[in-house]
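What follows is a short report on a single structure.
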Amino acid sequence: MGSLQERRGLTRKVALLSLAIFLADASHSTVMPIFPGFAQGIGASLSVLGSYGSVAALTMLLLSLPFGRLSDRLGRKRMMTPGLVIFIVVPLSYMLASDPLHLYPIRILLGLGVGLIFGNGFLLMTEVAEPGFRSTAQGMYMTSMGLGFTVGPLLGGFTTKFYGHDVSFMLSSGFAVLSIILLQFVEEKERGEATESVQRPSISSIIRDPRVLAAGFANYLNSLMFNALTLFFPVYGASIGLDEAEVGIGFTSRGLASTAVRLPVGSLTKRFRVLYLMVFGLLMSAVTIFSVSLSTGLILVSTLLGIQGIAYGIYLTSGNVYVALSSGEESRGTAMAVYSMFGNVSRIINPIFLGIIAERLGSKEALQFSTGMTLLGLVLVFYLANRGGEENQVT
């Protein structure tokens, strides 16, 4: 009976949204491996290159809350659609850039698009999936994102190598076109149906909710470790004798492991308290990153990064589920915005702190600092979550 219910749960909406978000993340990630070289090719220095990420994160930070509120009022799909339009425009805009300054408004626009699409997409999946299939559908969503993030850089790198930057930019834009077309076939109930008899909570009450704050601090810690790993593992790898290809192998093993675990984690959220999965993922990440900082040799380091990828997949899926469970449908967009804001603050300030530590003490110590802060921060996450009580069942 249960298996029949789950089979029925794989509806047209769930399948179309999974494919749409796969294409959206493929569009987003196609440009990632080629953007640094492209920006340097038109004159961007390394310091300017780093600032592009900061302006995108700052945009997401400033607009997360108002857009989250709009999402609760207008619907998830209505927010995702302009975000995908941005994903169509941004890659084509790169083709017109001829100076490093031209890239700032484009990256600001990109930050806006990211903020509109992925969090709202997860909430849309939560709300269109049948109750008996919802946890699996949430895992499918995160897996689709992971697959898109795996395919996009491969295609972007190869098309640039053989055909040049412009072809990769057009490919990225094309993925976004396909995504927005598919999204239009995903039917979302009108906001009035969900909220006409429900008073929408105030922004301040959502921000003060201990469960939302617990999720936010957890996201801050996850972003701290992610920044440490992506910024300073390549430097640490070089210090222990790994070349660029071997560093790439380590990141690839991490990405594949992270993607593979997301669907089963979605199913596990029905059987275990989501808070425990979320905290376990962060704890496992901290332990493995610390182990990486003490390790040498490609096989050991790649294995540890694969384990960290599993931990990241556990956290990423359970963290989003926790936010959805801890808020009602009329306030989930705002709660997700608060959750994202903590991650954006981390992405803005922590690279600076980590850079100072790495410059003065070394890349190894920067990795260890991120894990130490995470272990301390988990105490606060547990305290806030338990103060807020059990997660509610999504309705």
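Identifiers for the structure tokens are assigned positionally: chains receive A, B, ... in sequence, residues are indexed from 1 per chain, and ligands are indexed from 1 in the order shown.
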* Asked: So which residues touch region 12-24 of chain A within 8 Å, counting only C-alpha atoms, skipping near sequence neighbours fewer than 2 positions away, as a ChimeraX atom specification?
  -> /A:10,26-28,84,87,118,121,125,128-129,137,140-141,144-149,175-176,178-180,182-183,185-187
Report as a CSV table (one decimal) with N, CA and C atoms, in the first residue's frame all protein, DNA and RNA residues lying within 8 Å of Val292 (chain A), evaluated on only C-alpha atoms, omitting residues in the same chain fewer than 6 positions from it.
chain,number,residue,atom,x,y,z
A,301,VAL,N,43.0,11.8,0.5
A,301,VAL,CA,42.3,13.1,0.4
A,301,VAL,C,41.1,13.0,-0.4
A,304,LEU,N,38.4,11.2,1.7
A,304,LEU,CA,37.9,12.1,2.7
A,304,LEU,C,36.9,13.2,2.1
A,305,LEU,N,37.3,13.7,0.9
A,305,LEU,CA,36.4,14.7,0.3
A,305,LEU,C,35.1,14.0,-0.2
* **helix (DSSP H, G or I) residues, from DSSP on the backbone, in region 84-218 of chain A, as JSON, numbers by chain** => {"A": [84, 85, 86, 87, 88, 89, 90, 91, 92, 93, 94, 100, 101, 102, 103, 104, 105, 106, 107, 108, 109, 110, 111, 112, 113, 114, 115, 116, 117, 118, 119, 120, 121, 122, 123, 124, 125, 126, 127, 128, 131, 132, 133, 134, 135, 136, 137, 138, 139, 140, 141, 142, 143, 144, 145, 146, 147, 148, 149, 150, 151, 152, 153, 154, 155, 156, 157, 158, 159, 160, 161, 162, 163, 165, 166, 167, 168, 169, 170, 171, 172, 173, 174, 175, 176, 177, 178, 179, 180, 181, 182, 183, 191, 192, 193, 194, 195, 203, 204, 205, 206, 207, 208, 210, 211, 212, 213, 214, 215, 216, 217, 218]}
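Nearest residue to Gly41 (chain A) among A:Gly53, A:Pro91, A:Pro100, A:Pro234 is A:Pro100, counting only C-alpha atoms.
We find CA of Ser71 (chain A) and CA of Ile348 (chain A) to be spaced 24.3 Å apart.
The closest residue to Leu154 (chain A), picked from A:Met341, A:Ile34, A:Leu101, A:Val85 and counting only C-alpha atoms, is A:Ile34.
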* Asked: Got a sec: who's within 8 Å of Ser340 (chain A), counting only C-alpha atoms, leaving out chain neighbours fewer than 4 positions off, as a list in words?
  -> Leu61, Ser64, Gly216, Asn219, Met336 and Asn344 of chain A
* **Pick from A:Phe232, A:Phe38, A:Phe226, A:Phe251, whichever lies nearest to Ile357 (chain A) using only C-alpha atoms** => A:Phe232
